[in-house]
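Content type mmCIF, C-alpha atoms, from the file start-v4.cif:
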```cif
data_my_file
#
loop_
_atom_site.label_atom_id
_atom_site.label_comp_id
_atom_site.auth_asym_id
_atom_site.auth_seq_id
_atom_site.Cartn_x
_atom_site.Cartn_y
_atom_site.Cartn_z
CA MET A 36 -17.65 69.72 62.70
CA SER A 37 -14.09 69.08 63.75
CA ALA A 38 -11.78 70.82 66.14
CA VAL A 39 -9.58 73.52 64.69
CA PRO A 40 -6.58 74.48 66.81
CA LYS A 41 -6.41 78.17 67.61
CA GLU A 42 -2.89 78.29 66.17
CA VAL A 43 -4.19 77.14 62.79
CA VAL A 44 -6.82 79.86 62.71
CA SER A 45 -4.29 82.43 63.87
CA ALA A 46 -1.86 81.48 61.13
CA TRP A 47 -4.60 81.62 58.53
CA LEU A 48 -5.73 85.05 59.79
CA ARG A 49 -2.16 86.36 59.54
CA GLU A 50 -2.07 85.22 55.91
CA TRP A 51 -5.48 86.72 55.23
CA PHE A 52 -4.48 90.12 56.54
CA ALA A 53 -1.08 89.97 54.84
CA ALA A 54 -2.75 89.19 51.51
CA ARG A 55 -4.79 92.39 51.86
CA GLY A 56 -1.65 94.46 51.96
CA THR A 57 -2.55 96.17 55.21
CA PRO A 58 0.07 96.94 57.88
CA PRO A 59 0.85 93.91 60.06
CA VAL A 60 -1.97 93.15 62.49
CA ARG A 61 -0.85 91.93 65.91
CA PRO A 62 -2.83 89.27 67.80
CA THR A 63 -4.43 91.76 70.15
CA ASP A 64 -4.96 94.60 67.68
CA ASP A 65 -8.46 95.82 66.96
CA ILE A 66 -8.89 94.62 63.39
CA PHE A 67 -11.42 97.33 62.65
CA ALA A 68 -9.13 100.08 63.83
CA SER A 69 -5.78 98.84 62.52
CA GLY A 70 -6.56 96.03 60.13
CA GLY A 71 -8.23 98.08 57.46
CA VAL A 72 -11.43 96.10 57.84
CA ASP A 73 -14.29 98.11 56.42
CA SER A 74 -17.82 96.82 56.05
CA LEU A 75 -17.22 94.88 52.85
CA ALA A 76 -13.89 93.57 54.11
CA LEU A 77 -15.77 92.24 57.13
CA LEU A 78 -18.07 90.35 54.79
CA GLU A 79 -15.06 89.00 52.90
CA LEU A 80 -13.54 87.90 56.18
CA ILE A 81 -16.76 86.17 57.25
CA VAL A 82 -17.23 84.28 53.99
CA ALA A 83 -13.53 83.38 53.88
CA ILE A 84 -13.68 81.98 57.44
CA GLU A 85 -16.85 80.06 56.65
CA SER A 86 -15.34 78.62 53.47
CA ARG A 87 -11.97 77.79 54.99
CA PHE A 88 -13.21 76.22 58.21
CA GLY A 89 -16.56 74.84 57.07
CA ILE A 90 -18.58 76.74 59.65
CA ARG A 91 -21.46 79.19 59.63
CA LEU A 92 -21.03 82.37 61.63
CA GLU A 93 -24.21 83.81 63.08
CA GLU A 94 -25.26 87.13 64.54
CA ARG A 95 -24.33 86.07 68.06
CA HIS A 96 -20.78 85.38 66.87
CA LEU A 97 -20.47 88.86 65.42
CA ALA A 98 -21.84 90.24 68.64
CA ASP A 99 -19.15 88.37 70.58
CA GLU A 100 -16.54 90.86 71.73
CA ARG A 101 -13.81 88.42 70.72
CA PHE A 102 -14.74 89.25 67.13
CA GLN A 103 -12.48 92.25 67.41
CA THR A 104 -8.92 90.93 67.55
CA PRO A 105 -7.11 88.13 65.68
CA ASP A 106 -6.51 86.36 68.99
CA GLY A 107 -10.15 86.52 70.03
CA LEU A 108 -11.36 85.63 66.58
CA ALA A 109 -9.12 82.57 66.41
CA GLU A 110 -10.54 81.39 69.73
CA LEU A 111 -14.10 82.03 68.60
CA VAL A 112 -13.66 80.25 65.26
CA GLY A 113 -12.09 77.31 67.04
CA GLU A 114 -15.09 77.12 69.37
CA VAL A 115 -17.62 77.31 66.53
CA ALA A 116 -15.71 74.65 64.58
CA ARG A 117 -15.94 72.17 67.40
CA GLY A 118 -19.60 72.94 67.88
CA ALA A 119 -19.15 74.71 71.18
CA GLY A 120 -19.81 78.25 69.96
CA MET B 84 -27.47 88.19 58.24
CA ILE B 85 -27.47 91.97 58.04
CA VAL B 86 -24.36 93.35 59.66
CA GLY B 87 -25.17 97.04 59.58
CA VAL B 88 -25.60 100.10 57.44
CA ASP B 89 -22.85 100.56 54.87
CA HIS B 90 -23.70 103.89 53.35
CA VAL B 91 -26.32 106.41 52.46
CA ALA B 92 -26.56 107.02 48.74
CA LEU B 93 -26.76 110.53 47.37
CA SER B 94 -27.75 111.20 43.78
CA ALA B 95 -25.93 114.33 42.61
CA PRO B 96 -25.59 116.26 39.35
CA ALA B 97 -21.79 115.72 38.97
CA LEU B 98 -18.94 114.00 40.80
CA ALA B 99 -16.30 116.74 40.86
CA PRO B 100 -18.33 119.39 42.71
CA ALA B 101 -19.71 116.68 44.99
CA THR B 102 -16.17 115.69 45.90
CA THR B 103 -15.20 119.29 46.61
CA ALA B 104 -18.26 119.78 48.78
CA LEU B 105 -17.88 116.56 50.75
CA ARG B 106 -14.14 117.08 51.26
CA GLY B 107 -14.94 120.55 52.51
CA ALA B 108 -17.30 119.00 55.04
CA GLY B 109 -14.61 116.59 56.25
CA PHE B 110 -15.20 113.45 54.20
CA GLU B 111 -12.37 111.59 52.47
CA LEU B 112 -12.73 110.33 48.94
CA GLY B 113 -12.57 106.55 48.58
CA LEU B 114 -13.23 104.33 45.60
CA THR B 115 -14.40 106.05 42.41
CA ARG B 116 -15.77 104.41 39.27
CA ASP B 117 -16.78 106.31 36.14
CA PRO B 118 -18.43 104.85 34.18
CA LEU B 119 -20.02 101.88 35.87
CA SER B 120 -22.55 99.83 33.92
CA ASP B 121 -26.12 99.73 35.15
CA HIS B 122 -27.57 96.27 35.50
CA ARG B 123 -31.11 95.81 34.18
CA ALA B 124 -32.19 94.98 37.74
CA LYS B 125 -31.83 98.68 38.56
CA LEU B 126 -34.35 99.78 35.94
CA PRO B 127 -37.46 99.54 38.17
CA PHE B 128 -35.69 101.84 40.60
CA LEU B 129 -34.69 104.54 38.10
CA ALA B 130 -36.85 107.38 36.78
CA ARG B 131 -35.02 107.27 33.45
CA ALA B 132 -33.55 104.21 31.82
CA ALA B 133 -29.77 104.42 31.88
CA THR B 134 -26.90 102.24 30.80
CA HIS B 135 -24.28 103.54 33.19
CA HIS B 136 -23.58 105.89 36.03
CA ALA B 137 -20.62 107.26 37.94
CA THR B 138 -20.06 106.51 41.59
CA ALA B 139 -17.73 107.54 44.40
CA MET B 140 -17.53 106.67 48.07
CA TYR B 141 -16.74 109.17 50.81
CA HIS B 142 -15.75 108.23 54.34
CA ALA B 143 -15.94 110.22 57.54
CA LYS B 144 -14.13 109.57 60.80
CA GLN B 145 -17.44 108.57 62.33
CA GLY B 146 -20.64 107.14 61.01
CA VAL B 147 -21.60 105.50 57.78
CA ALA B 148 -20.12 106.41 54.42
CA VAL B 149 -21.78 108.50 51.75
CA GLU B 150 -21.94 107.22 48.19
CA VAL B 151 -22.49 109.75 45.44
CA THR B 152 -23.97 108.48 42.21
CA VAL B 153 -24.37 110.51 39.06
CA HIS B 154 -26.90 109.28 36.54
CA ALA B 155 -28.34 111.24 33.64
CA PRO B 156 -28.15 115.03 33.89
CA MET B 157 -30.74 116.36 36.29
CA ASP B 158 -32.97 119.18 35.31
CA VAL B 159 -34.57 119.56 38.70
CA VAL B 160 -32.18 120.30 41.54
CA GLU B 161 -34.19 119.89 44.68
CA VAL B 162 -34.93 117.20 47.18
CA ARG B 163 -38.00 115.48 45.86
CA SER B 164 -37.95 112.25 47.73
CA GLY B 165 -35.95 109.80 49.77
CA TYR B 166 -34.36 110.30 53.13
CA GLU B 167 -33.72 113.43 55.08
CA VAL B 168 -30.15 113.18 56.30
CA LEU B 169 -28.87 114.65 59.54
CA LEU B 170 -25.22 115.45 59.06
CA MET B 171 -22.70 116.67 61.54
CA ALA B 172 -20.10 118.92 60.00
CA PRO B 173 -18.08 121.99 60.89
CA ALA B 174 -20.26 125.03 60.34
CA GLY B 175 -20.39 125.81 56.66
CA ASP B 176 -21.32 128.95 54.86
CA SER B 177 -24.42 127.59 53.18
CA GLY B 178 -27.52 129.34 54.38
CA SER B 179 -30.61 127.90 55.93
CA VAL B 180 -33.29 127.00 53.47
CA ALA B 181 -37.02 126.87 53.72
CA GLY B 182 -38.90 123.65 53.38
CA PRO B 183 -40.72 121.03 55.36
CA GLU B 184 -39.56 120.98 58.95
CA TRP B 185 -38.59 117.99 60.97
CA PRO B 186 -41.18 117.55 63.68
CA SER B 187 -40.02 118.71 67.06
CA GLU B 188 -40.51 115.14 68.33
CA ALA B 189 -37.80 114.02 65.90
CA TRP B 190 -35.27 116.46 67.28
CA ALA B 191 -36.26 115.52 70.79
CA ALA B 192 -35.82 111.84 69.98
CA ILE B 193 -32.19 112.29 68.98
CA GLY B 194 -31.42 114.99 71.51
CA ARG B 195 -30.14 117.49 68.97
CA ARG B 196 -31.32 120.50 67.14
CA GLY B 197 -30.21 121.46 63.66
CA ALA B 198 -31.12 123.54 60.67
CA ALA B 199 -31.95 122.71 57.10
CA ARG B 200 -29.10 123.64 54.75
CA ALA B 201 -28.86 123.73 51.02
CA TRP B 202 -25.94 121.98 49.40
CA PRO B 203 -26.05 123.27 45.84
CA GLU B 204 -23.02 121.25 44.66
CA LEU B 205 -24.84 118.10 45.62
CA GLY B 206 -28.27 119.18 44.54
CA ALA B 207 -29.46 118.27 48.00
CA ARG B 208 -30.90 119.62 51.16
CA PHE B 209 -29.84 118.15 54.47
CA TRP B 210 -30.14 118.78 58.18
CA HIS B 211 -27.02 120.23 59.67
CA VAL B 212 -25.72 120.03 63.21
CA ALA B 213 -22.49 121.90 63.88
CA GLY B 214 -19.76 119.67 65.26
CA PRO B 215 -16.00 119.21 65.20
CA SER B 216 -15.97 116.46 62.58
CA ALA B 217 -18.08 115.17 59.76
CA GLY B 218 -20.46 112.25 59.94
CA VAL B 219 -23.95 111.09 59.16
CA LEU B 220 -25.84 111.07 62.46
CA ALA B 221 -29.26 109.88 61.37
CA VAL B 222 -31.68 109.65 58.52
CA ALA B 223 -35.40 110.20 58.62
CA ALA B 224 -38.11 108.89 56.38
CA ARG B 225 -41.69 110.01 56.09
CA VAL B 226 -43.98 107.02 56.36
CA ALA B 227 -47.70 106.73 55.96
CA ASP B 228 -48.12 103.52 57.92
CA PRO B 229 -45.64 103.43 60.83
CA GLU B 230 -46.53 99.92 61.96
CA ARG B 231 -45.81 98.40 58.54
CA SER B 232 -42.66 100.45 58.18
CA VAL B 233 -41.40 99.46 61.62
CA ARG B 234 -41.78 95.78 60.64
CA PHE B 235 -39.92 96.44 57.39
CA TRP B 236 -37.02 98.05 59.22
CA THR B 237 -36.88 95.74 62.22
CA GLU B 238 -37.88 92.30 60.94
CA GLY B 239 -36.62 92.91 57.40
CA LEU B 240 -33.46 94.91 58.06
CA ALA B 241 -32.57 93.91 61.63
CA LEU B 242 -32.82 97.35 63.18
CA SER B 243 -33.93 97.55 66.77
CA ALA B 244 -36.72 99.82 67.89
CA SER B 245 -36.08 102.16 70.79
CA PRO B 246 -38.89 102.66 73.26
CA SER B 247 -41.29 105.05 71.61
CA THR B 248 -41.49 108.49 73.15
CA SER B 249 -43.75 109.91 70.52
CA ARG B 250 -46.76 108.68 68.65
CA LYS B 251 -45.51 110.42 65.51
CA VAL B 252 -41.83 109.50 65.57
CA ARG B 253 -40.20 106.07 65.89
CA VAL B 254 -36.47 105.75 66.43
CA LEU B 255 -34.79 102.65 65.06
CA ARG B 256 -31.15 101.75 65.34
CA SER B 257 -29.02 99.47 63.20
CA ALA B 258 -28.02 96.54 65.34
CA SER B 259 -24.36 96.53 64.41
CA ARG B 260 -22.01 96.79 67.34
CA PHE B 261 -19.44 98.18 64.93
CA GLY B 262 -19.83 101.89 65.47
CA SER B 263 -19.08 103.00 61.95
CA TRP B 264 -21.93 100.99 60.55
CA SER B 265 -24.57 102.06 62.99
CA LEU B 266 -27.20 104.59 62.17
CA ASP B 267 -30.36 105.92 63.71
CA VAL B 268 -33.36 105.79 61.42
CA LEU B 269 -36.27 108.01 62.36
CA LEU B 270 -39.65 107.23 60.93
CA HIS B 271 -42.07 110.06 61.19
CA GLU B 272 -45.67 109.65 60.38
CA SER B 273 -47.00 111.89 57.65
CA ALA B 274 -48.22 111.60 54.11
CA ALA B 275 -45.65 109.36 52.44
CA ALA B 276 -42.97 111.12 50.40
CA PRO B 277 -43.07 110.77 46.63
CA GLU B 278 -41.60 107.41 45.68
CA ALA B 279 -37.82 107.72 45.47
CA THR B 280 -35.77 106.58 42.52
CA LEU B 281 -32.03 106.04 42.52
CA ASP B 282 -31.54 108.94 40.11
CA ALA B 283 -33.71 111.41 41.99
CA PRO B 284 -31.83 114.36 43.49
CA GLY B 285 -31.11 114.03 47.16
CA PHE B 286 -30.53 110.99 49.33
CA PRO B 287 -32.62 108.25 47.77
CA CYS B 288 -31.24 105.02 49.21
CA LEU B 289 -29.76 103.37 52.30
CA ALA B 290 -27.37 100.46 51.78
CA PHE B 291 -27.01 97.59 54.23
CA VAL B 292 -24.22 95.02 54.36
CA SER B 293 -25.45 91.44 54.21
CA THR B 294 -23.57 88.19 54.62
CA ASP B 295 -26.13 86.40 52.44
CA VAL B 296 -28.00 88.67 50.04
CA PRO B 297 -30.48 86.15 48.61
CA ARG B 298 -31.46 84.91 52.06
CA ASP B 299 -31.79 88.41 53.50
CA ALA B 300 -33.73 89.52 50.41
CA ASP B 301 -36.20 86.70 50.99
CA ARG B 302 -36.72 87.84 54.56
CA LEU B 303 -37.05 91.45 53.46
CA ALA B 304 -39.63 90.51 50.80
CA ARG B 305 -42.12 89.60 53.53
CA HIS B 306 -42.25 93.25 54.59
CA ALA B 307 -41.31 95.19 51.44
CA SER B 308 -43.58 96.59 48.78
CA ALA B 309 -41.09 95.49 46.10
CA VAL B 310 -37.84 93.55 45.93
CA GLY B 311 -35.81 93.68 42.75
CA GLU B 312 -33.75 91.05 41.03
CA THR B 313 -30.50 90.07 42.74
CA PHE B 314 -27.49 90.84 40.58
CA ASP B 315 -23.70 90.71 40.68
CA LEU B 316 -21.26 93.53 40.15
CA THR B 317 -17.49 93.87 40.22
CA LEU B 318 -16.36 97.05 41.93
CA GLY B 319 -12.61 97.50 42.21
CA ASP B 320 -11.25 94.14 43.31
CA ARG B 321 -14.52 93.07 44.89
CA ASP B 322 -17.19 90.83 43.46
CA LEU B 323 -20.42 92.03 44.98
CA ARG B 324 -24.00 90.79 45.07
CA LEU B 325 -26.74 93.40 45.34
CA VAL B 326 -30.47 93.78 45.48
CA PHE B 327 -32.69 96.86 45.71
CA ALA B 328 -35.98 96.95 47.57
CA ARG B 329 -38.72 99.35 48.48
CA GLY B 330 -40.35 99.69 51.87
CA PRO B 331 -44.07 100.10 52.53
CA SER B 332 -43.85 103.89 52.16
CA GLY B 333 -41.49 103.79 49.22
CA GLU B 334 -38.24 103.82 51.24
CA LEU B 335 -35.45 102.60 48.98
CA VAL B 336 -32.86 100.26 50.44
CA GLU B 337 -30.07 98.16 49.02
CA LEU B 338 -28.47 95.00 50.34
CA VAL B 339 -24.79 94.60 49.48
CA GLY B 340 -22.82 91.43 49.99
CA VAL B 341 -19.68 89.80 48.68
CA LEU B 342 -19.80 86.73 46.50
CA ARG B 343 -18.91 83.49 48.18
CA THR B 344 -15.88 81.99 46.51
CA ALA B 345 -13.73 78.91 46.84
CA PRO B 346 -11.62 78.61 50.00
CA ARG B 347 -8.45 80.68 49.96
#
```
Go ahead and render the structure in this file as structure tokens.
Amino acid sequence: MSAVPKEVVSAWLREWFAARGTPPVRPTDDIFASGGVDSLALLELIVAIESRFGIRLEERHLADERFQTPDGLAELVGEVARGAG
Amino acid sequence: MIVGVDHVALSAPALAPATTALRGAGFELGLTRDPLSDHRAKLPFLARAATHHATAMYHAKQGVAVEVTVHAPMDVVEVRSGYEVLLMAPAGDSGSVAGPEWPSEAWAAIGRRGAARAWPELGARFWHVAGPSAGVLAVAARVADPERSVRFWTEGLALSASPSTSRKVRVLRSASRFGSWSLDVLLHESAAAPEATLDAPGFPCLAFVSTDVPRDADRLARHASAVGETFDLTLGDRDLRLVFARGPSGELVELVGVLRTAPR
């Protein structure tokens, strides 16, 4: 696995949310409260992240409290991508 | 990986009165599809062969969603099988109804006390707790072999078991940290309920969200009495993958996932 800068993940997340047509989601917003992420959207987000960044998210990653905001998620994905998560 | 509980399915006689009833209880109508083709993989889980059904999702401010499905016309409007649902809703005008009682240990386990209510528009009976807003608080299933059922729900469906306070009642909780997709499942030991089918009146099925349906179905198969064929379905703009399964005491569950596609 290779390193993925947080900025790259953040930019991709912005595009992902914008493509869903939801109101703009700020870096520290709770994506479940303001990002329109319901249960199936969460699955779509997970599989999209895994496909885009070539990683596998596990239960402990979903349990990570950073999996709540775009900022935290970008950091978490970056960590998993470089094998540190 | 199972992320949590997505919804509890309710099989009702018709969509329009179901919508009126659920809106009245505080649920908001979401996606509706009528008709929606039935895949052959559903046949083992239906009492009557059908080619299509209607479906609608209803969301509350708290708790899991309710899905109403309408299959062939029902000639028996009563709860015959499936889950007993504990619903919080503003006090309604439906009267209490007679029927099997929840054991007192079950009420004690969840720290609430409610009454059985009839919901004629839905062809269902449910357990009602008065509260300011609507939401599914818990479901209960009658199981004949608690140990086997606990393994089905914990090892197969990733629920966690709370310390047991009663020999007759086990309280399990979906592991999701996302509040809306968490649900308490109470297993109470008794003669198993008649085997549920998806078109039986009442609440026949619990749906879980899965990041990998085939893999989770394999894990579930080690503890289930039956696992159906995995199939794909397009619902709205989503391509879904589903599988139905039956627990050791006939509990019907469904795993729902999204299809993995090329990178976007």
Convert the output of the PyMOL selection byres ((chain A and resi 45) around 10) on the shown file into explicit residues, formatted as a PyMOL selection string. chain A and resi 40-44+46-51+62+105-110+112-113
Check the smallest atom-to-atom distance from each of B:Leu98, B:Val88, B:Pro203, B:Ala133 to chain A using only C-alpha atoms, then report the winner. B:Val88
Show which residues sit within 12 Å of range 81-90 of chain A, as a PyMOL selection string. Count all atoms listed in the file, and ignore same-chain residues fewer than 6 positions away. (chain A and resi 36-41+43-45+47-48+50-52+72+74-75+96-97+102+108-109+111-120) or (chain B and resi 84+86+292-295+340-347)
Could you jot down the CA of Ser94 in chain B to CA of Ser332 in chain B separation for me, Å, one decimal place?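 Result for CA of Ser94 in chain B versus CA of Ser332 in chain B: 19.6 Å, one decimal.
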Which residue gives the smallest distance to Leu242 in chain B among B:Val268, B:Asp89, B:Ser216, B:Arg324, with all atoms listed in the file counted?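 Going through B:Val268, B:Asp89, B:Ser216, B:Arg324 one by one, the smallest distance to Leu242 in chain B is for B:Val268.
For the residues A:Asp99, A:Asp64, A:Arg91, A:Leu78, ranking by smallest atom-to-atom distance to chain B using only C-alpha atoms places A:Leu78 first.
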Picked residues, the PyMOL selection byres ((chain B and resi 234) around 10), as a PyMOL selection string: chain B and resi 229-233+235-242+244+303+305-307+330-331
Which residue is closest to chain B? Choose from A:Thr63, A:Pro58, A:Thr104, A:Glu94 and count all atoms listed in the file.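 Going through A:Thr63, A:Pro58, A:Thr104, A:Glu94 one by one, the smallest distance to chain B is for A:Glu94.
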Can you turn the PyMOL selection byres ((chain B and resi 102) around 10) into a concrete residue list for this file, as a PyMOL selection string? chain B and resi 97-101+103-108+110-112+139-141+151+204-205
Which residues come within 10 Å of Asp315 in chain B, counting only C-alpha atoms, excluding same-chain residues fewer than 2 positions away, as a PyMOL selection string? chain B and resi 122+124+313+317-318+322-326+339-342
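From CA of Leu220 in chain B back to CA of Leu170 in chain B, the distance works out to 5.6 Å.
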Could you tell me how far CA of Val222 in chain B lies from CA of Ala191 in chain B, in Å and to one decimal?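 Value for the CA of Val222 in chain B-CA of Ala191 in chain B distance: 14.4 Å.
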Which of B:Arg225, B:His271, B:Arg123, B:Arg200 sits closest to Gly333 in chain B [using only C-alpha atoms]: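 Of B:Arg225, B:His271, B:Arg123, B:Arg200, the one nearest Gly333 in chain B, counting only C-alpha atoms, is B:Arg225.
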Might you pull out every residue within 10 Å of range 265-267 of chain B, with all atoms listed in the file counted and same-chain residues fewer than 2 positions away left off, and present them as an mmCIF file with C-alpha atoms, in the frame of the given file?
```
data_model
loop_
_atom_site.group_PDB
_atom_site.id
_atom_site.type_symbol
_atom_site.label_atom_id
_atom_site.label_comp_id
_atom_site.auth_asym_id
_atom_site.auth_seq_id
_atom_site.Cartn_x
_atom_site.Cartn_y
_atom_site.Cartn_z
ATOM 1 C CA VAL B 86 -24.360 93.350 59.660
ATOM 2 C CA GLY B 87 -25.170 97.040 59.580
ATOM 3 C CA VAL B 88 -25.600 100.100 57.440
ATOM 4 C CA ASP B 89 -22.850 100.560 54.870
ATOM 5 C CA HIS B 90 -23.700 103.890 53.350
ATOM 6 C CA VAL B 91 -26.320 106.410 52.460
ATOM 7 C CA GLN B 145 -17.440 108.570 62.330
ATOM 8 C CA GLY B 146 -20.640 107.140 61.010
ATOM 9 C CA VAL B 147 -21.600 105.500 57.780
ATOM 10 C CA LEU B 169 -28.870 114.650 59.540
ATOM 11 C CA ILE B 193 -32.190 112.290 68.980
ATOM 12 C CA VAL B 219 -23.950 111.090 59.160
ATOM 13 C CA LEU B 220 -25.840 111.070 62.460
ATOM 14 C CA ALA B 221 -29.260 109.880 61.370
ATOM 15 C CA VAL B 222 -31.680 109.650 58.520
ATOM 16 C CA ALA B 223 -35.400 110.200 58.620
ATOM 17 C CA LEU B 242 -32.820 97.350 63.180
ATOM 18 C CA SER B 243 -33.930 97.550 66.770
ATOM 19 C CA ALA B 244 -36.720 99.820 67.890
ATOM 20 C CA SER B 245 -36.080 102.160 70.790
ATOM 21 C CA VAL B 254 -36.470 105.750 66.430
ATOM 22 C CA LEU B 255 -34.790 102.650 65.060
ATOM 23 C CA ARG B 256 -31.150 101.750 65.340
ATOM 24 C CA SER B 257 -29.020 99.470 63.200
ATOM 25 C CA ALA B 258 -28.020 96.540 65.340
ATOM 26 C CA SER B 259 -24.360 96.530 64.410
ATOM 27 C CA ARG B 260 -22.010 96.790 67.340
ATOM 28 C CA PHE B 261 -19.440 98.180 64.930
ATOM 29 C CA GLY B 262 -19.830 101.890 65.470
ATOM 30 C CA SER B 263 -19.080 103.000 61.950
ATOM 31 C CA LEU B 269 -36.270 108.010 62.360
ATOM 32 C CA LEU B 270 -39.650 107.230 60.930
#
```
Counting all atoms listed in the file, write as a ChimeraX atom specification all protein and nucleic acid residues lying at most 9 Å from (-8.7, 91.8, 49.1) in the file's frame. /A:51-52,54-56,76,79 /B:320-321
Residue with smallest distance to Leu316 in chain B - pool B:Val226, B:Ala92, B:Gly165, B:Ser120, counting all atoms listed in the file: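 Looking only at the distances to Leu316 in chain B, the closest residue turns out to be B:Ser120.
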Show which residues sit within 10 Å of Phe209 in chain B, as a PyMOL selection string. Count only C-alpha atoms, and ignore same-chain residues fewer than 2 positions away. chain B and resi 162+166-170+179-180+197-202+207+211-212+222+285-286
Starting from the structure just given, write a file holding range 84-90 of chain A with all heavy atoms, as an mmCIF file, in the first residue's frame.
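Output saved as part-v5.cif:
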```
data_model
loop_
_atom_site.group_PDB
_atom_site.id
_atom_site.type_symbol
_atom_site.label_atom_id
_atom_site.label_comp_id
_atom_site.auth_asym_id
_atom_site.auth_seq_id
_atom_site.Cartn_x
_atom_site.Cartn_y
_atom_site.Cartn_z
ATOM 1 N N ILE A 84 -14.502 4.205 -1.232
ATOM 2 C CA ILE A 84 -13.175 4.455 -0.648
ATOM 3 C C ILE A 84 -12.248 3.276 -0.944
ATOM 4 O O ILE A 84 -11.091 3.451 -1.360
ATOM 5 C CB ILE A 84 -13.281 4.685 0.875
ATOM 6 C CG1 ILE A 84 -13.906 6.053 1.175
ATOM 7 C CG2 ILE A 84 -11.906 4.587 1.543
ATOM 8 C CD1 ILE A 84 -14.233 6.284 2.652
ATOM 9 N N GLU A 85 -12.769 2.078 -0.722
ATOM 10 C CA GLU A 85 -11.933 0.888 -0.933
ATOM 11 C C GLU A 85 -11.492 0.791 -2.398
ATOM 12 O O GLU A 85 -10.351 0.456 -2.699
ATOM 13 C CB GLU A 85 -12.705 -0.362 -0.508
ATOM 14 C CG GLU A 85 -12.893 -0.446 1.004
ATOM 15 C CD GLU A 85 -13.613 -1.710 1.454
ATOM 16 O OE1 GLU A 85 -14.262 -2.373 0.616
ATOM 17 O OE2 GLU A 85 -13.525 -2.035 2.657
ATOM 18 N N SER A 86 -12.431 1.078 -3.310
ATOM 19 C CA SER A 86 -12.091 0.997 -4.732
ATOM 20 C C SER A 86 -11.103 2.087 -5.122
ATOM 21 O O SER A 86 -10.138 1.840 -5.832
ATOM 22 C CB SER A 86 -13.357 1.150 -5.586
ATOM 23 O OG SER A 86 -14.250 0.120 -5.305
ATOM 24 N N ARG A 87 -11.368 3.295 -4.649
ATOM 25 C CA ARG A 87 -10.553 4.433 -5.080
ATOM 26 C C ARG A 87 -9.130 4.363 -4.518
ATOM 27 O O ARG A 87 -8.166 4.666 -5.200
ATOM 28 C CB ARG A 87 -11.240 5.734 -4.644
ATOM 29 C CG ARG A 87 -10.408 6.997 -4.805
ATOM 30 C CD ARG A 87 -10.073 7.278 -6.267
ATOM 31 N NE ARG A 87 -9.261 8.485 -6.399
ATOM 32 C CZ ARG A 87 -7.948 8.528 -6.197
ATOM 33 N NH1 ARG A 87 -7.308 7.436 -5.839
ATOM 34 N NH2 ARG A 87 -7.288 9.665 -6.358
ATOM 35 N N PHE A 88 -9.010 3.932 -3.251
ATOM 36 C CA PHE A 88 -7.697 3.989 -2.614
ATOM 37 C C PHE A 88 -7.049 2.616 -2.426
ATOM 38 O O PHE A 88 -5.973 2.507 -1.836
ATOM 39 C CB PHE A 88 -7.798 4.736 -1.272
ATOM 40 C CG PHE A 88 -8.253 6.167 -1.444
ATOM 41 C CD1 PHE A 88 -9.536 6.552 -1.098
ATOM 42 C CD2 PHE A 88 -7.405 7.114 -2.001
ATOM 43 C CE1 PHE A 88 -9.970 7.853 -1.292
ATOM 44 C CE2 PHE A 88 -7.821 8.430 -2.195
ATOM 45 C CZ PHE A 88 -9.112 8.799 -1.853
ATOM 46 N N GLY A 89 -7.711 1.583 -2.922
ATOM 47 C CA GLY A 89 -7.116 0.248 -2.889
ATOM 48 C C GLY A 89 -6.875 -0.277 -1.488
ATOM 49 O O GLY A 89 -5.857 -0.926 -1.221
ATOM 50 N N ILE A 90 -7.811 0.026 -0.600
ATOM 51 C CA ILE A 90 -7.657 -0.436 0.791
ATOM 52 C C ILE A 90 -8.871 -1.263 1.186
ATOM 53 O O ILE A 90 -9.849 -1.333 0.446
ATOM 54 C CB ILE A 90 -7.504 0.749 1.769
ATOM 55 C CG1 ILE A 90 -8.754 1.645 1.713
ATOM 56 C CG2 ILE A 90 -6.237 1.529 1.475
ATOM 57 C CD1 ILE A 90 -8.760 2.742 2.760
#
```
